[in-house]
>>> print(open('work.txt').read())   # compact mmCIF, C-alpha atoms
# COMPACT_ATOMS: atom_id res chain seq x y z
CA MET Z 12 -5.09 27.50 51.58
CA SER Z 13 -2.25 29.52 50.14
CA PRO Z 14 -2.32 30.71 46.51
CA THR Z 15 0.81 28.67 45.81
CA LEU Z 16 -0.84 25.47 47.02
CA VAL Z 17 -3.92 26.20 44.93
CA ILE Z 18 -1.78 26.63 41.84
CA ILE Z 19 0.04 23.37 42.57
CA LEU Z 20 -3.26 21.52 42.97
CA ILE Z 21 -4.60 22.97 39.71
CA VAL Z 22 -1.44 21.92 37.89
CA VAL Z 23 -1.66 18.41 39.34
CA VAL Z 24 -5.32 18.11 38.33
CA LEU Z 25 -4.54 19.28 34.79
CA LEU Z 26 -1.68 16.80 34.53
CA VAL Z 27 -3.94 13.98 35.68
CA ILE Z 28 -6.61 14.98 33.15
CA ALA Z 29 -3.99 15.19 30.39
CA ALA Z 30 -2.67 11.74 31.33
CA ILE Z 31 -6.17 10.27 31.21
CA VAL Z 32 -6.92 11.86 27.83
CA PHE Z 33 -3.58 10.66 26.48
CA GLY Z 34 -4.24 7.15 27.78
CA VAL Z 35 -7.71 7.02 26.23
CA ARG Z 36 -6.40 8.22 22.87
CA ALA Z 37 -3.49 5.77 22.95
CA SER Z 38 -5.83 2.90 23.81
CA ARG Z 39 -8.20 3.85 20.99
CA ARG Z 40 -5.29 4.12 18.57
CA ARG Z 41 -3.97 0.68 19.48
CA LYS Z 42 -7.44 -0.78 19.05
CA LEU Z 43 -7.82 0.81 15.62
CA GLN Z 44 -4.37 -0.37 14.56
CA LYS Z 45 -5.18 -3.91 15.69
CA THR Z 46 -8.53 -3.89 13.92
CA PHE Z 47 -7.48 -2.31 10.63
CA GLY Z 48 -3.84 -3.37 10.35
CA PRO Z 49 -2.22 -1.88 7.21
CA GLU Z 50 -5.50 -0.12 6.40
CA TYR Z 51 -4.90 2.11 9.44
CA ASP Z 52 -1.68 3.46 7.92
CA ARG Z 53 -3.31 3.93 4.53
CA VAL Z 54 -6.30 5.88 5.86
CA VAL Z 55 -4.28 8.00 8.28
CA GLY Z 56 -1.70 8.70 5.57
CA ASP Z 57 -4.38 9.89 3.13
CA ALA Z 58 -6.20 12.02 5.72
CA ASP Z 59 -5.44 15.63 6.58
CA SER Z 60 -4.37 14.55 10.06
CA ARG Z 61 -4.10 11.48 12.26
CA THR Z 62 -7.21 12.60 14.11
CA ALA Z 63 -9.19 12.88 10.89
CA GLY Z 64 -8.00 9.47 9.73
CA GLU Z 65 -8.92 7.83 13.03
CA ARG Z 66 -12.30 9.53 12.91
CA GLU Z 67 -12.88 7.97 9.48
CA LEU Z 68 -11.96 4.53 10.82
CA GLU Z 69 -14.30 4.96 13.78
CA GLU Z 70 -17.09 5.84 11.35
CA ARG Z 71 -16.35 2.67 9.41
CA ARG Z 72 -16.72 0.64 12.59
CA LYS Z 73 -20.04 2.28 13.35
CA ARG Z 74 -21.39 1.61 9.86
CA HIS Z 75 -20.10 -1.95 10.03
CA ALA Z 76 -21.90 -2.52 13.35
CA GLU Z 77 -25.18 -1.62 11.64
CA LEU Z 78 -24.80 -4.35 9.02
CA GLU Z 79 -26.69 -7.60 9.36
CA LEU Z 80 -23.88 -9.99 8.44
CA LYS Z 81 -24.91 -13.53 7.65
CA PRO Z 82 -23.07 -16.80 8.26
CA LEU Z 83 -22.60 -19.18 5.37
CA SER Z 84 -24.05 -22.66 5.60
CA ALA Z 85 -21.86 -25.67 4.85
CA GLU Z 86 -23.80 -26.15 1.63
CA ASN Z 87 -23.14 -22.59 0.51
CA LYS Z 88 -19.46 -22.89 1.33
CA ALA Z 89 -19.26 -26.04 -0.76
CA ARG Z 90 -21.14 -24.35 -3.60
CA TYR Z 91 -18.77 -21.39 -3.64
CA SER Z 92 -15.73 -23.66 -3.51
CA VAL Z 93 -16.96 -25.57 -6.54
CA ALA Z 94 -17.65 -22.29 -8.36
CA TRP Z 95 -14.13 -21.09 -7.61
CA GLU Z 96 -12.52 -24.26 -8.96
CA GLU Z 97 -14.57 -23.80 -12.12
CA VAL Z 98 -13.09 -20.31 -12.43
CA GLN Z 99 -9.59 -21.77 -12.23
CA ILE Z 100 -10.41 -24.33 -14.91
CA GLN Z 101 -11.83 -21.54 -17.08
CA PHE Z 102 -8.58 -19.60 -16.71
CA VAL Z 103 -6.65 -22.13 -18.81
CA ASP Z 104 -8.54 -21.35 -22.01
CA ALA Z 105 -10.08 -17.94 -21.24
CA PRO Z 106 -8.05 -15.99 -18.65
CA GLU Z 107 -9.80 -12.66 -19.24
CA GLN Z 108 -13.23 -14.20 -18.86
CA ALA Z 109 -12.05 -16.13 -15.78
CA VAL Z 110 -10.99 -12.90 -14.08
CA ALA Z 111 -14.32 -11.29 -14.93
CA THR Z 112 -16.11 -14.34 -13.52
CA ALA Z 113 -13.95 -14.21 -10.39
CA ASP Z 114 -14.90 -10.58 -9.88
CA GLU Z 115 -18.60 -11.44 -10.17
CA LEU Z 116 -18.21 -14.41 -7.82
CA VAL Z 117 -16.42 -12.36 -5.17
CA THR Z 118 -19.06 -9.64 -5.43
CA ARG Z 119 -21.81 -12.23 -5.05
CA LEU Z 120 -20.12 -13.66 -1.95
CA ILE Z 121 -19.69 -10.17 -0.49
CA ALA Z 122 -23.41 -9.55 -0.95
CA GLU Z 123 -24.41 -12.91 0.49
CA ARG Z 124 -22.38 -12.24 3.61
CA GLY Z 125 -24.41 -9.04 4.04
CA TYR Z 126 -21.97 -6.38 2.88
CA PRO Z 127 -23.02 -3.57 0.51
CA THR Z 128 -21.96 -4.00 -3.11
CA GLY Z 129 -23.37 -0.94 -4.86
CA ASP Z 130 -20.33 1.29 -4.55
CA TYR Z 131 -16.72 0.04 -4.73
CA ASP Z 132 -15.35 2.52 -2.18
CA GLU Z 133 -18.17 1.66 0.21
CA GLN Z 134 -17.32 -2.02 -0.22
CA LEU Z 135 -13.71 -1.32 0.74
CA ALA Z 136 -14.72 0.74 3.76
CA THR Z 137 -17.07 -1.86 5.22
CA LEU Z 138 -14.85 -4.84 4.39
CA SER Z 139 -11.87 -3.16 6.05
CA VAL Z 140 -13.30 -3.66 9.54
CA GLU Z 141 -13.07 -7.47 9.52
CA HIS Z 142 -11.07 -8.19 6.38
CA ALA Z 143 -8.32 -5.57 6.42
CA ARG Z 144 -5.58 -8.18 5.95
CA THR Z 145 -6.84 -9.15 2.50
CA LEU Z 146 -8.20 -5.78 1.40
CA GLU Z 147 -5.06 -4.82 -0.51
CA HIS Z 148 -5.44 -8.03 -2.50
CA TYR Z 149 -8.93 -6.92 -3.48
CA ARG Z 150 -7.65 -3.51 -4.54
CA ASP Z 151 -4.95 -5.08 -6.72
CA ALA Z 152 -7.41 -7.54 -8.26
CA HIS Z 153 -9.88 -4.76 -9.01
CA ALA Z 154 -7.18 -2.64 -10.66
CA ILE Z 155 -6.06 -5.50 -12.89
CA SER Z 156 -9.67 -6.32 -13.72
CA GLU Z 157 -10.19 -2.73 -14.87
CA ARG Z 158 -7.10 -2.95 -17.06
CA SER Z 159 -8.34 -6.25 -18.46
CA ARG Z 160 -11.61 -4.64 -19.52
CA ASN Z 161 -9.54 -2.13 -21.49
CA GLY Z 162 -7.42 -4.85 -23.07
CA GLU Z 163 -4.32 -3.75 -21.16
CA ALA Z 164 -3.62 -6.83 -18.99
CA GLU Z 165 -1.15 -9.59 -19.85
CA THR Z 166 -1.74 -13.24 -18.99
CA GLU Z 167 0.55 -13.01 -15.96
CA ASP Z 168 -1.36 -9.94 -14.76
CA LEU Z 169 -4.56 -11.93 -15.01
CA ARG Z 170 -3.04 -14.79 -13.04
CA GLN Z 171 -2.09 -12.34 -10.32
CA ALA Z 172 -5.62 -10.94 -10.32
CA LEU Z 173 -7.02 -14.41 -9.72
CA VAL Z 174 -4.58 -14.98 -6.85
CA HIS Z 175 -5.61 -11.66 -5.32
CA TYR Z 176 -9.32 -12.36 -5.72
CA ARG Z 177 -8.84 -15.72 -4.04
CA ALA Z 178 -7.31 -14.05 -0.96
CA LEU Z 179 -10.47 -12.08 -0.17
CA PHE Z 180 -12.68 -14.92 -1.36
CA ALA Z 181 -11.06 -17.32 1.12
CA ASP Z 182 -11.25 -14.71 3.87
CA LEU Z 183 -14.99 -14.24 3.34
CA LEU Z 184 -15.56 -17.95 2.90
CA GLY Z 185 -13.64 -18.84 6.05
CA GLU Z 186 -11.67 -21.60 4.35
CA ASN Z 187 -9.47 -22.30 1.35
CA PRO Z 188 -11.76 -22.65 -1.70
CA VAL Z 189 -9.21 -24.82 -3.52
CA ARG Z 190 -9.82 -28.45 -2.59
CA SER Z 191 -7.60 -30.22 -5.08
CA GLU Z 192 -4.19 -31.44 -3.94
CA GLY Z 193 -1.26 -29.32 -5.02
CA ALA Z 194 -3.37 -26.20 -5.59
CA THR Z 195 -3.29 -24.70 -2.11
CA ALA Z 196 -0.32 -22.38 -2.56
CA PRO Z 197 -1.03 -18.94 -4.03
CA GLY Z 198 1.58 -19.23 -6.76
CA THR Z 199 0.20 -22.52 -8.05
CA GLU Z 200 -3.43 -21.48 -8.50
CA PRO Z 201 -3.91 -21.02 -12.26
CA ASN Z 202 -1.67 -23.14 -14.49
CA VAL Z 203 0.47 -20.33 -15.92
CA PRO Z 204 4.09 -19.27 -15.28
CA SER Z 205 4.41 -18.30 -11.63
CA GLN Z 206 6.06 -15.30 -10.06
CA LYS Z 207 5.69 -13.46 -6.78
CA VAL Z 208 2.62 -11.25 -6.81
CA ASN Z 209 3.44 -8.66 -4.15
CA ASP Z 210 4.74 -8.49 -0.61
CA HIS Z 211 1.22 -9.15 0.64
CA ASP Z 212 0.88 -12.27 -1.55
CA SER Z 213 1.86 -14.40 1.45
CA ASP Z 214 -1.33 -13.29 3.20
CA VAL Z 215 -3.24 -15.83 1.15
CA ALA Z 216 -1.59 -18.70 2.95
CA VAL Z 217 -2.38 -17.62 6.50
CA SER Z 218 -5.32 -19.10 8.33
CA ARG Z 219 -8.67 -17.44 7.70
CA PRO Z 220 -11.08 -16.23 10.34
CA ASP Z 221 -14.32 -18.13 10.65
CA ALA Z 222 -16.78 -16.65 8.16
CA THR Z 223 -19.60 -17.25 10.63
CA SER Z 224 -18.20 -14.81 13.19
CA ARG Z 225 -19.47 -11.29 13.46
>>> encode(input="work.txt", output="structure tokens")
Amino acid sequence: MSPTLVIILIVVVLLVIAAIVFGVRASRRRKLQKTFGPEYDRVVGDADSRTAGERELEERRKRHAELELKPLSAENKARYSVAWEEVQIQFVDAPEQAVATADELVTRLIAERGYPTGDYDEQLATLSVEHARTLEHYRDAHAISERSRNGEAETEDLRQALVHYRALFADLLGENPVRSEGATAPGTEPNVPSQKVNDHDSDVAVSRPDATSR
């Protein structure tokens, strides 16, 4: 075999290997983007490189796979729905306390589903695998809740916090927690002046995945 032919064969083999590697990386990237949605862009944007960001997301998936997630019984779903409607009723007279109660209720639901609740960042990381669509709502609610504890949140801010909490709450519950007629739209939840929350406010209205799925 001539040296020229050997070189050509080596080049062809390298090109094939490069194409395979590229294809594997592209497939993995598409899978991560589908799984994490907007969280993919956030993590990759905050990382030193796309590779580092994708490595972080892969680690999240591995940690998530080790969790023993639990389905909710029909009785528990009903109990949480009743508790949420009580939060909304509480909002009318005590909005700050209602937001604090909503935070506690969401945390309790997170724990009952089998997710860790000790560290806020760890919560976000593990929730992002199956609940990436509503994760930004949780971030916004948490930020407003922190401001509320410092006495820096207005009533409309608190209303928005409750709307945001409900987004993740419904996602974890697997159904809309608001049973009463006329209270299913995000902007009509607490009885206070309504305004658009954020671009991702419309996420609340989309159908929720079944909370019993892994």
>>> closest_residue(input="work.txt", among="Z:Ser13, Z:Val117, Z:His142, Z:Thr46", to="Trp95 in chain Z", atoms="only C-alpha atoms")
Z:Val117
>>> closest_residue(input="work.txt", among="Z:Arg124, Z:His148, Z:Arg170, Z:Lys88", to="Pro188 in chain Z", atoms="only C-alpha atoms")
Z:Lys88
>>> closest_residue(input="work.txt", among="Z:Val27, Z:Leu68, Z:Ile18, Z:Val93", to="Phe47 in chain Z", atoms="only C-alpha atoms")
Z:Leu68
>>> residues_around(input="work.txt", residues="Ile121 in chain Z", least_positions_apart="2", cutoff="12 Å", atoms="all atoms listed in the file", output="number ranges by chain")
Z: 80-83, 91, 114-119, 123-129, 131, 133-135, 137-138, 142, 149, 176, 179-184, 222
>>> residues_around(input="work.txt", residues="range 54-66 of chain Z", least_positions_apart="4", cutoff="9 Å", atoms="all atoms listed in the file", output="list in words")
Arg39, Arg40, Leu43, Pro49, Glu50, Glu70 and Arg71 of chain Z
>>> residues_around(input="work.txt", residues="Ser159 in chain Z", least_positions_apart="2", cutoff="9 Å", atoms="only C-alpha atoms", output="count of residues only")
14
>>> closest_residue(input="work.txt", among="Z:Thr145, Z:Ile21, Z:Arg150, Z:Leu120", to="Ser92 in chain Z", atoms="all atoms listed in the file")
Z:Leu120
>>> atom_distance(input="work.txt", atom1="CA of His175 in chain Z", atom2="CA of Ser139 in chain Z")
15.5 Å
>>> atom_distance(input="work.txt", atom1="CA of Leu78 in chain Z", atom2="CA of Asp132 in chain Z")
16.2 Å
>>> atom_distance(input="work.txt", atom1="CA of Ala76 in chain Z", atom2="CA of Lys42 in chain Z")
15.6 Å
